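Engineer: This is input_13.cif (mmCIF, C-alpha atoms).
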```
data_start
#
loop_
_atom_site.group_PDB
_atom_site.id
_atom_site.type_symbol
_atom_site.label_atom_id
_atom_site.label_comp_id
_atom_site.auth_asym_id
_atom_site.auth_seq_id
_atom_site.Cartn_x
_atom_site.Cartn_y
_atom_site.Cartn_z
ATOM 1 C CA MET A 1369 17.805 -0.499 -3.426
ATOM 2 C CA ARG A 1370 17.421 -1.932 -6.909
ATOM 3 C CA ILE A 1371 14.458 -3.754 -8.441
ATOM 4 C CA GLY A 1372 15.559 -4.835 -11.872
ATOM 5 C CA ALA A 1373 16.587 -1.700 -13.732
ATOM 6 C CA HIS A 1374 14.902 0.571 -11.179
ATOM 7 C CA VAL A 1375 17.047 2.173 -8.489
ATOM 8 C CA LEU A 1376 14.949 3.336 -5.538
ATOM 9 C CA ARG A 1377 15.907 6.318 -3.409
ATOM 10 C CA SER A 1378 15.154 4.548 -0.111
ATOM 11 C CA GLY A 1379 13.719 1.416 1.462
ATOM 12 C CA LEU A 1380 10.378 3.023 2.343
ATOM 13 C CA PHE A 1381 7.327 1.511 0.635
ATOM 14 C CA VAL A 1382 3.590 2.187 0.662
ATOM 15 C CA ALA A 1383 1.585 -0.989 1.245
ATOM 16 C CA PRO A 1384 -1.120 -1.537 -1.370
ATOM 17 C CA MET A 1385 -4.522 -1.026 0.274
ATOM 18 C CA ALA A 1386 -7.816 -1.532 -1.546
ATOM 19 C CA GLY A 1387 -9.870 1.647 -1.574
ATOM 20 C CA ILE A 1388 -6.957 3.688 -0.217
ATOM 21 C CA THR A 1389 -3.811 3.686 -2.347
ATOM 22 C CA ASP A 1390 -5.254 5.310 -5.434
ATOM 23 C CA ARG A 1391 -3.285 7.797 -7.530
ATOM 24 C CA PRO A 1392 -3.839 10.869 -5.268
ATOM 25 C CA PHE A 1393 -2.732 8.921 -2.167
ATOM 26 C CA ARG A 1394 0.307 7.444 -3.922
ATOM 27 C CA THR A 1395 1.338 10.847 -5.253
ATOM 28 C CA LEU A 1396 1.388 12.405 -1.786
ATOM 29 C CA ALA A 1397 3.216 9.461 -0.226
ATOM 30 C CA ARG A 1398 5.885 9.552 -2.929
ATOM 31 C CA ARG A 1399 6.383 13.282 -2.463
ATOM 32 C CA TYR A 1400 6.968 12.758 1.249
ATOM 33 C CA GLY A 1401 9.651 10.149 0.736
ATOM 34 C CA ALA A 1402 8.120 6.788 -0.141
ATOM 35 C CA ALA A 1403 10.356 5.162 -2.755
ATOM 36 C CA LEU A 1404 7.608 2.954 -4.148
ATOM 37 C CA ALA A 1405 3.827 3.075 -3.876
ATOM 38 C CA VAL A 1406 2.159 -0.078 -5.184
ATOM 39 C CA SER A 1407 -1.297 0.304 -6.698
ATOM 40 C CA GLU A 1408 -4.500 -1.114 -5.300
ATOM 41 C CA MET A 1409 -4.851 -4.742 -6.336
ATOM 42 C CA VAL A 1410 -6.308 -5.381 -9.779
ATOM 43 C CA SER A 1411 -8.217 -8.584 -10.510
ATOM 44 C CA SER A 1412 -6.808 -10.948 -13.126
ATOM 45 C CA ARG A 1413 -10.321 -11.625 -14.441
ATOM 46 C CA THR A 1414 -10.535 -10.378 -18.027
ATOM 47 C CA GLU A 1415 -14.229 -9.480 -17.790
ATOM 48 C CA LEU A 1416 -13.395 -6.847 -15.141
ATOM 49 C CA ARG A 1417 -10.729 -5.008 -17.133
ATOM 50 C CA GLU A 1418 -13.074 -2.440 -18.593
ATOM 51 C CA SER A 1419 -15.034 -1.803 -15.404
ATOM 52 C CA ARG A 1420 -14.878 1.713 -14.060
ATOM 53 C CA LYS A 1421 -13.301 0.538 -10.807
ATOM 54 C CA THR A 1422 -10.462 -1.228 -12.626
ATOM 55 C CA ARG A 1423 -9.856 1.676 -15.001
ATOM 56 C CA LEU A 1424 -9.515 4.064 -12.061
ATOM 57 C CA ARG A 1425 -7.167 1.686 -10.251
ATOM 58 C CA VAL A 1426 -4.799 1.557 -13.213
ATOM 59 C CA ASP A 1427 -4.899 5.306 -13.841
ATOM 60 C CA HIS A 1428 -1.291 6.482 -13.471
ATOM 61 C CA SER A 1429 -1.643 9.798 -15.315
ATOM 62 C CA GLY A 1430 1.221 12.088 -14.351
ATOM 63 C CA GLU A 1431 2.488 9.691 -11.691
ATOM 64 C CA ALA A 1432 6.222 9.398 -11.092
ATOM 65 C CA GLY A 1433 7.813 6.036 -11.829
ATOM 66 C CA PRO A 1434 8.500 3.312 -11.319
ATOM 67 C CA ILE A 1435 4.851 2.332 -11.687
ATOM 68 C CA SER A 1436 4.067 -0.838 -9.708
ATOM 69 C CA VAL A 1437 0.728 -2.590 -10.263
ATOM 70 C CA GLN A 1438 -0.492 -5.362 -7.986
ATOM 71 C CA ILE A 1439 -2.457 -8.195 -9.571
ATOM 72 C CA ALA A 1440 -4.611 -10.763 -7.760
ATOM 73 C CA GLY A 1441 -5.995 -14.144 -8.716
ATOM 74 C CA ALA A 1442 -5.359 -17.870 -8.457
ATOM 75 C CA ASP A 1443 -5.024 -19.096 -12.045
ATOM 76 C CA PRO A 1444 -1.432 -18.994 -13.390
ATOM 77 C CA ALA A 1445 -2.469 -18.392 -17.003
ATOM 78 C CA MET A 1446 -4.909 -15.633 -16.094
ATOM 79 C CA LEU A 1447 -2.358 -13.930 -13.850
ATOM 80 C CA ALA A 1448 0.269 -14.124 -16.597
ATOM 81 C CA ASP A 1449 -2.180 -12.537 -19.029
ATOM 82 C CA ALA A 1450 -3.067 -9.853 -16.460
ATOM 83 C CA ALA A 1451 0.634 -9.085 -16.035
ATOM 84 C CA ARG A 1452 1.101 -8.657 -19.795
ATOM 85 C CA HIS A 1453 -2.017 -6.487 -20.007
ATOM 86 C CA ASN A 1454 -0.873 -4.147 -17.244
ATOM 87 C CA VAL A 1455 2.647 -3.861 -18.643
ATOM 88 C CA ALA A 1456 1.049 -2.819 -21.925
ATOM 89 C CA LEU A 1457 -0.794 -0.110 -19.967
ATOM 90 C CA GLY A 1458 2.450 1.200 -18.487
ATOM 91 C CA ALA A 1459 3.270 -0.928 -15.441
ATOM 92 C CA GLU A 1460 7.024 -1.034 -14.858
ATOM 93 C CA ILE A 1461 6.835 -3.525 -11.978
ATOM 94 C CA ILE A 1462 4.265 -6.280 -11.450
ATOM 95 C CA ASP A 1463 3.440 -7.166 -7.845
ATOM 96 C CA ILE A 1464 1.527 -10.354 -7.014
ATOM 97 C CA ASN A 1465 -0.915 -10.345 -4.125
ATOM 98 C CA MET A 1466 -0.551 -13.326 -1.795
ATOM 99 C CA GLY A 1467 -1.156 -11.270 1.324
ATOM 100 C CA CYS A 1468 -4.774 -10.109 1.344
ATOM 101 C CA PRO A 1469 -6.803 -11.870 4.079
ATOM 102 C CA ALA A 1470 -10.230 -10.572 2.979
ATOM 103 C CA LYS A 1471 -12.844 -13.318 2.743
ATOM 104 C CA LYS A 1472 -14.073 -12.290 -0.704
ATOM 105 C CA VAL A 1473 -10.511 -12.642 -2.012
ATOM 106 C CA CYS A 1474 -9.581 -15.820 -0.133
ATOM 107 C CA ASN A 1475 -12.895 -17.490 -1.012
ATOM 108 C CA VAL A 1476 -11.723 -17.663 -4.636
ATOM 109 C CA GLN A 1477 -8.347 -19.029 -3.466
ATOM 110 C CA ALA A 1478 -6.555 -15.753 -4.215
ATOM 111 C CA GLY A 1479 -4.618 -13.446 -1.899
ATOM 112 C CA SER A 1480 -3.240 -15.115 1.220
ATOM 113 C CA ALA A 1481 -5.277 -18.279 0.508
ATOM 114 C CA LEU A 1482 -2.588 -19.167 -2.041
ATOM 115 C CA LEU A 1483 -0.062 -19.670 0.754
ATOM 116 C CA GLY A 1484 -1.740 -22.959 1.594
ATOM 117 C CA ASP A 1485 -0.813 -24.496 -1.768
ATOM 118 C CA GLU A 1486 2.925 -24.199 -2.380
ATOM 119 C CA GLY A 1487 2.706 -26.034 -5.678
ATOM 120 C CA LEU A 1488 0.214 -23.494 -7.012
ATOM 121 C CA VAL A 1489 2.390 -20.662 -5.687
ATOM 122 C CA ALA A 1490 5.295 -22.007 -7.758
ATOM 123 C CA ARG A 1491 3.159 -22.305 -10.889
ATOM 124 C CA VAL A 1492 1.777 -18.776 -10.481
ATOM 125 C CA LEU A 1493 5.175 -17.196 -9.962
ATOM 126 C CA GLU A 1494 6.802 -19.084 -12.815
ATOM 127 C CA ALA A 1495 3.991 -18.134 -15.210
ATOM 128 C CA VAL A 1496 4.025 -14.429 -14.328
ATOM 129 C CA VAL A 1497 7.822 -14.060 -14.347
ATOM 130 C CA LYS A 1498 7.996 -15.706 -17.780
ATOM 131 C CA ALA A 1499 5.130 -13.598 -19.135
ATOM 132 C CA VAL A 1500 6.712 -10.139 -18.759
ATOM 133 C CA ASP A 1501 10.076 -8.471 -19.187
ATOM 134 C CA VAL A 1502 9.636 -6.179 -16.155
ATOM 135 C CA PRO A 1503 10.549 -7.109 -12.569
ATOM 136 C CA VAL A 1504 8.030 -9.169 -10.610
ATOM 137 C CA THR A 1505 7.658 -8.669 -6.851
ATOM 138 C CA LEU A 1506 5.575 -10.560 -4.313
ATOM 139 C CA LYS A 1507 3.606 -9.633 -1.163
ATOM 140 C CA ILE A 1508 2.882 -12.435 1.318
ATOM 141 C CA ARG A 1509 2.020 -13.123 4.942
ATOM 142 C CA THR A 1510 3.928 -15.419 7.262
ATOM 143 C CA GLY A 1511 1.667 -18.346 6.411
ATOM 144 C CA PRO A 1512 -1.904 -19.638 6.430
ATOM 145 C CA SER A 1513 -2.110 -19.843 10.259
ATOM 146 C CA PRO A 1514 0.083 -19.564 13.377
ATOM 147 C CA ASP A 1515 0.611 -23.332 13.393
ATOM 148 C CA ARG A 1516 1.711 -23.265 9.763
ATOM 149 C CA ARG A 1517 4.081 -20.383 9.162
ATOM 150 C CA ASN A 1518 5.569 -21.425 5.810
ATOM 151 C CA ALA A 1519 6.928 -18.049 4.696
ATOM 152 C CA VAL A 1520 10.487 -19.417 4.453
ATOM 153 C CA SER A 1521 9.373 -22.126 2.035
ATOM 154 C CA ILE A 1522 7.307 -19.649 -0.013
ATOM 155 C CA ALA A 1523 10.246 -17.240 -0.069
ATOM 156 C CA ARG A 1524 12.585 -19.899 -1.441
ATOM 157 C CA ILE A 1525 10.064 -20.692 -4.178
ATOM 158 C CA ALA A 1526 9.765 -16.990 -5.002
ATOM 159 C CA GLN A 1527 13.505 -16.445 -5.309
ATOM 160 C CA ALA A 1528 13.940 -19.576 -7.418
ATOM 161 C CA SER A 1529 11.109 -18.417 -9.701
ATOM 162 C CA GLY A 1530 12.807 -15.107 -10.446
ATOM 163 C CA VAL A 1531 10.878 -12.797 -8.128
ATOM 164 C CA ARG A 1532 13.011 -9.702 -7.540
ATOM 165 C CA LEU A 1533 11.699 -8.487 -4.167
ATOM 166 C CA LEU A 1534 9.581 -9.951 -1.373
ATOM 167 C CA ALA A 1535 7.394 -7.997 1.075
ATOM 168 C CA ILE A 1536 6.127 -9.827 4.160
ATOM 169 C CA HIS A 1537 3.351 -8.826 6.535
ATOM 170 C CA GLY A 1538 4.166 -10.225 9.969
ATOM 171 C CA ARG A 1539 0.795 -11.935 10.463
ATOM 172 C CA THR A 1540 -0.756 -15.101 9.083
ATOM 173 C CA ARG A 1541 -3.888 -15.255 6.962
ATOM 174 C CA ALA A 1542 -5.860 -16.483 9.982
ATOM 175 C CA CYS A 1543 -4.675 -13.533 12.096
ATOM 176 C CA ALA A 1544 -5.990 -10.972 9.589
ATOM 177 C CA PHE A 1545 -5.151 -7.646 11.321
ATOM 178 C CA GLY A 1546 -5.625 -8.854 14.897
ATOM 179 C CA GLY A 1547 -2.991 -9.073 17.582
ATOM 180 C CA ARG A 1548 0.579 -7.958 17.107
ATOM 181 C CA ALA A 1549 2.740 -8.546 14.072
ATOM 182 C CA GLU A 1550 5.675 -10.884 14.696
ATOM 183 C CA TYR A 1551 9.049 -10.370 13.088
ATOM 184 C CA ASP A 1552 10.987 -13.562 13.839
ATOM 185 C CA THR A 1553 9.633 -15.178 10.681
ATOM 186 C CA ILE A 1554 10.638 -12.169 8.597
ATOM 187 C CA ALA A 1555 14.131 -12.317 10.079
ATOM 188 C CA GLU A 1556 14.366 -16.004 9.192
ATOM 189 C CA VAL A 1557 13.264 -15.296 5.627
ATOM 190 C CA LYS A 1558 15.793 -12.481 5.292
ATOM 191 C CA SER A 1559 18.594 -14.787 6.433
ATOM 192 C CA GLU A 1560 17.687 -17.232 3.649
ATOM 193 C CA LEU A 1561 17.334 -14.898 0.647
ATOM 194 C CA ARG A 1562 19.590 -12.909 -1.656
ATOM 195 C CA ILE A 1563 16.790 -10.693 -3.000
ATOM 196 C CA PRO A 1564 15.554 -7.659 -0.989
ATOM 197 C CA VAL A 1565 13.074 -8.375 1.805
ATOM 198 C CA ILE A 1566 10.645 -5.692 2.995
ATOM 199 C CA ALA A 1567 9.047 -5.898 6.455
ATOM 200 C CA ASN A 1568 5.400 -4.900 6.921
ATOM 201 C CA GLY A 1569 3.041 -4.760 9.884
ATOM 202 C CA ASP A 1570 2.553 -2.451 12.884
ATOM 203 C CA VAL A 1571 4.985 0.238 11.745
ATOM 204 C CA ARG A 1572 3.320 3.382 13.051
ATOM 205 C CA THR A 1573 6.190 5.545 14.252
ATOM 206 C CA PRO A 1574 9.800 6.258 13.307
ATOM 207 C CA GLU A 1575 10.923 4.367 16.420
ATOM 208 C CA GLU A 1576 8.946 1.302 15.384
ATOM 209 C CA ALA A 1577 10.439 1.487 11.894
ATOM 210 C CA ARG A 1578 13.950 1.366 13.363
ATOM 211 C CA GLN A 1579 13.012 -1.436 15.763
ATOM 212 C CA VAL A 1580 11.558 -3.565 12.956
ATOM 213 C CA LEU A 1581 14.594 -3.048 10.753
ATOM 214 C CA GLU A 1582 16.878 -4.039 13.622
ATOM 215 C CA ALA A 1583 14.753 -7.060 14.562
ATOM 216 C CA THR A 1584 14.434 -8.436 11.029
ATOM 217 C CA GLY A 1585 17.530 -7.276 9.175
ATOM 218 C CA ALA A 1586 15.105 -6.375 6.380
ATOM 219 C CA ASP A 1587 16.156 -4.144 3.512
ATOM 220 C CA GLY A 1588 13.206 -1.824 3.928
ATOM 221 C CA ILE A 1589 9.883 -1.035 5.578
ATOM 222 C CA MET A 1590 6.376 -1.131 4.109
ATOM 223 C CA VAL A 1591 3.842 1.173 5.795
ATOM 224 C CA GLY A 1592 0.106 0.813 5.359
ATOM 225 C CA ARG A 1593 -2.663 1.946 7.697
ATOM 226 C CA ALA A 1594 -0.399 4.234 9.746
ATOM 227 C CA ALA A 1595 0.055 6.476 6.687
ATOM 228 C CA GLN A 1596 -3.664 7.081 6.245
ATOM 229 C CA GLY A 1597 -4.078 10.817 6.686
ATOM 230 C CA ARG A 1598 -0.331 11.130 7.423
ATOM 231 C CA PRO A 1599 1.711 11.044 4.209
ATOM 232 C CA TRP A 1600 4.465 12.951 6.048
ATOM 233 C CA LEU A 1601 5.095 9.774 8.081
ATOM 234 C CA PHE A 1602 7.529 8.687 5.357
ATOM 235 C CA ARG A 1603 9.488 11.918 5.795
ATOM 236 C CA ASP A 1604 9.454 11.428 9.559
ATOM 237 C CA ILE A 1605 10.747 7.860 9.297
ATOM 238 C CA ALA A 1606 13.474 8.741 6.808
ATOM 239 C CA HIS A 1607 14.693 11.650 8.947
ATOM 240 C CA PHE A 1608 14.733 9.565 12.115
ATOM 241 C CA LEU A 1609 16.572 6.662 10.501
ATOM 242 C CA GLU A 1610 19.194 9.046 9.122
ATOM 243 C CA THR A 1611 19.692 11.327 12.111
ATOM 244 C CA GLY A 1612 18.269 9.600 15.178
ATOM 245 C CA VAL A 1613 16.137 12.642 15.994
ATOM 246 C CA HIS A 1614 12.580 13.506 15.080
ATOM 247 C CA ALA A 1615 11.700 15.791 12.202
ATOM 248 C CA SER A 1616 9.617 18.858 12.960
ATOM 249 C CA PRO A 1617 5.916 17.960 12.873
ATOM 250 C CA PRO A 1618 3.839 19.354 10.014
ATOM 251 C CA THR A 1619 2.416 22.792 10.625
ATOM 252 C CA LEU A 1620 -1.298 23.430 10.565
ATOM 253 C CA GLY A 1621 -0.815 25.188 7.237
ATOM 254 C CA GLU A 1622 0.978 22.175 5.779
ATOM 255 C CA ILE A 1623 -1.734 19.771 6.936
ATOM 256 C CA ARG A 1624 -4.384 22.037 5.399
ATOM 257 C CA ALA A 1625 -2.523 22.302 2.092
ATOM 258 C CA VAL A 1626 -1.955 18.529 1.887
ATOM 259 C CA LEU A 1627 -5.585 17.726 2.636
ATOM 260 C CA LEU A 1628 -6.939 20.242 0.129
ATOM 261 C CA GLU A 1629 -4.591 18.901 -2.525
ATOM 262 C CA HIS A 1630 -5.725 15.387 -1.699
ATOM 263 C CA LEU A 1631 -9.360 16.429 -2.083
ATOM 264 C CA GLU A 1632 -8.707 18.014 -5.473
ATOM 265 C CA GLY A 1633 -6.949 14.843 -6.588
ATOM 266 C CA LEU A 1634 -9.885 12.695 -5.510
ATOM 267 C CA TYR A 1635 -12.430 14.949 -7.228
ATOM 268 C CA GLY A 1636 -10.344 14.876 -10.396
ATOM 269 C CA LEU A 1637 -9.938 11.085 -10.410
ATOM 270 C CA TYR A 1638 -13.416 9.958 -9.396
ATOM 271 C CA GLY A 1639 -15.549 12.936 -10.351
ATOM 272 C CA GLU A 1640 -16.969 15.343 -7.794
ATOM 273 C CA GLU A 1641 -19.840 13.200 -6.508
ATOM 274 C CA GLN A 1642 -17.897 9.979 -5.913
ATOM 275 C CA GLY A 1643 -14.763 11.900 -5.024
ATOM 276 C CA ALA A 1644 -16.573 13.678 -2.182
ATOM 277 C CA ARG A 1645 -17.727 10.325 -0.805
ATOM 278 C CA VAL A 1646 -14.248 8.809 -1.012
ATOM 279 C CA ALA A 1647 -12.758 11.927 0.587
ATOM 280 C CA ARG A 1648 -14.743 11.618 3.833
ATOM 281 C CA LYS A 1649 -12.515 8.912 5.294
ATOM 282 C CA HIS A 1650 -9.340 10.766 4.288
ATOM 283 C CA ILE A 1651 -10.613 13.954 5.926
ATOM 284 C CA GLY A 1652 -11.355 12.014 9.106
ATOM 285 C CA TRP A 1653 -7.893 10.441 9.204
ATOM 286 C CA THR A 1654 -6.145 13.736 8.488
ATOM 287 C CA VAL A 1655 -7.868 15.830 11.152
ATOM 288 C CA CYS A 1656 -7.734 13.101 13.811
ATOM 289 C CA GLY A 1657 -6.188 14.562 16.949
ATOM 290 C CA LEU A 1658 -6.790 18.190 15.971
ATOM 291 C CA PRO A 1659 -9.084 20.389 18.085
ATOM 292 C CA GLY A 1660 -12.764 19.834 17.337
ATOM 293 C CA ALA A 1661 -12.013 16.943 14.989
ATOM 294 C CA GLU A 1662 -14.822 14.717 16.271
ATOM 295 C CA ASP A 1663 -17.511 17.334 15.665
ATOM 296 C CA PHE A 1664 -16.002 18.239 12.303
ATOM 297 C CA ARG A 1665 -16.049 14.609 11.124
ATOM 298 C CA GLY A 1666 -19.712 14.474 12.011
ATOM 299 C CA GLU A 1667 -20.266 17.604 9.946
ATOM 300 C CA VAL A 1668 -18.338 16.298 6.931
ATOM 301 C CA VAL A 1669 -20.344 13.079 6.519
ATOM 302 C CA ARG A 1670 -23.491 15.174 6.044
ATOM 303 C CA ILE A 1671 -21.998 17.218 3.197
ATOM 304 C CA GLY A 1672 -22.993 15.898 -0.206
ATOM 305 C CA THR A 1673 -21.117 18.029 -2.739
ATOM 306 C CA ALA A 1674 -17.448 18.539 -3.480
ATOM 307 C CA PRO A 1675 -17.499 22.385 -3.411
ATOM 308 C CA ALA A 1676 -19.263 22.414 -0.044
ATOM 309 C CA GLN A 1677 -16.873 19.799 1.316
ATOM 310 C CA HIS A 1678 -13.835 21.722 0.119
ATOM 311 C CA CYS A 1679 -15.228 24.923 1.661
ATOM 312 C CA ALA A 1680 -15.932 23.162 4.975
ATOM 313 C CA VAL A 1681 -12.350 21.922 5.206
ATOM 314 C CA ASN A 1682 -11.060 25.414 4.446
ATOM 315 C CA ASP A 1683 -13.323 26.916 7.106
ATOM 316 C CA TYR A 1684 -12.296 24.314 9.692
ATOM 317 C CA PHE A 1685 -8.608 25.112 9.304
ATOM 318 C CA ALA A 1686 -9.334 28.837 9.282
ATOM 319 C CA ARG A 1687 -11.061 28.432 12.662
ATOM 320 C CA LEU A 1688 -8.078 26.510 14.002
ATOM 321 C CA ALA A 1689 -5.663 29.144 12.728
ATOM 322 C CA ALA A 1690 -7.696 31.893 14.357
#
```
For this file, write the structure as structure tokens.
Structural biologist:
Amino acid sequence: MRIGAHVLRSGLFVAPMAGITDRPFRTLARRYGAALAVSEMVSSRTELRESRKTRLRVDHSGEAGPISVQIAGADPAMLADAARHNVALGAEIIDINMGCPAKKVCNVQAGSALLGDEGLVARVLEAVVKAVDVPVTLKIRTGPSPDRRNAVSIARIAQASGVRLLAIHGRTRACAFGGRAEYDTIAEVKSELRIPVIANGDVRTPEEARQVLEATGADGIMVGRAAQGRPWLFRDIAHFLETGVHASPPTLGEIRAVLLEHLEGLYGLYGEEQGARVARKHIGWTVCGLPGAEDFRGEVVRIGTAPAQHCAVNDYFARLAA
């Protein structure tokens, strides 16, 4: 798959998730086979550029390219300026967020709230595409609500504006993350476009990845929540799509090594105190389903320092190995 000058090794993408897809998470997902891992969304508001949160979100130190940064906002001029700013910082692809259903985002008419104003969508996309000389991609939902699924119309606007790739979550803004994703709309969009279309929503297993590709005709799959604590899911999907059989599951030693590496990455990015807090959810996701995981999660949330947390994880896996 090609996005501008960038040739991707597969059609497997990491969905941008606020508070999740930071540099350590993206690094692990890419190693396990994700062709592209889009950053957490970055606000287009200029006054937030120097905040610590924004600086950490745009930290791509040592990260393999292409670097894709997602920007969010509702003002075409501000989004164009944000695109230029992030390209100057090293972004090689600019992704525009029109998919987030969070109230704090939609209340300022950003994210999936933009889908309700097709004229504004056109102005935003035209402004951002003209502002930068790197490829622009777009993430959307199927529409504002189930009775107004306008993804086909939005997709046509995107392609005409010069957007190079479109990712679609198979739910509307009103659906948030409830119910089941639907793929008929994605299939309809795919049939209308020349640019690559990536299907997103409820892809949790290799079998589901194949089913969604067959149902939509999409060029690739975007995986979000199912990859939390399971970066090897991308390897599993790729192997299954290629061979039709399942890859060997990760060994206990591999899970331990991945989690410890993830912890070190979080401590290095955020500092030990904040990194230990951020790490708690990743530890919980990673050990889910392992023996004694419930008790161990309860133990981890009471640990306040990075060294003690790291030691506790080591000890937990040593007990399992014994």
Engineer: Restricting the calculation to all atoms listed in the file, which member of A:Leu1609, A:Ala1689, A:Ala1535, A:Ile1388 is positioned closest to A:Ala1647?
Structural biologist: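 Ranked by minimum distance to A:Ala1647, first place goes to A:Ile1388.
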Engineer: Which residues match the PyMOL selection byres ((chain A and resi 1583) around 8) in the file above, as a PyMOL selection string?
Structural biologist: chain A and resi 1551-1552+1555+1579-1582+1584-1585
Engineer: Using all atoms listed in the file, which of the listed residues (A:Gly1636, A:Gly1588, A:Gly1666, A:Gly1652) sits closest to A:Met1369?
Structural biologist: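 Using all atoms listed in the file, the shortest distance to A:Met1369 belongs to A:Gly1588.
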Engineer: What lies within 8 Å of A:Ala1526 using all atoms listed in the file, ignoring chain neighbours under 6 positions off, as a list in words?
Structural biologist: Ala1490, Leu1493, Leu1506 and Leu1534 of chain A
Engineer: Would you mind listing what lies within 9 Å of stretch 1427-1443 of chain A as JSON, numbers by chain, with all atoms listed in the file counted and same-chain residues fewer than 3 positions away left out?
Structural biologist: {"A": [1374, 1376, 1384, 1390, 1391, 1394, 1395, 1398, 1403, 1404, 1405, 1406, 1407, 1408, 1409, 1410, 1411, 1412, 1413, 1422, 1423, 1424, 1446, 1447, 1448, 1450, 1451, 1454, 1455, 1458, 1459, 1460, 1461, 1462, 1463, 1464, 1465, 1466, 1473, 1476, 1477, 1478, 1479, 1481, 1482, 1488, 1489, 1491, 1492, 1505, 1506, 1637]}
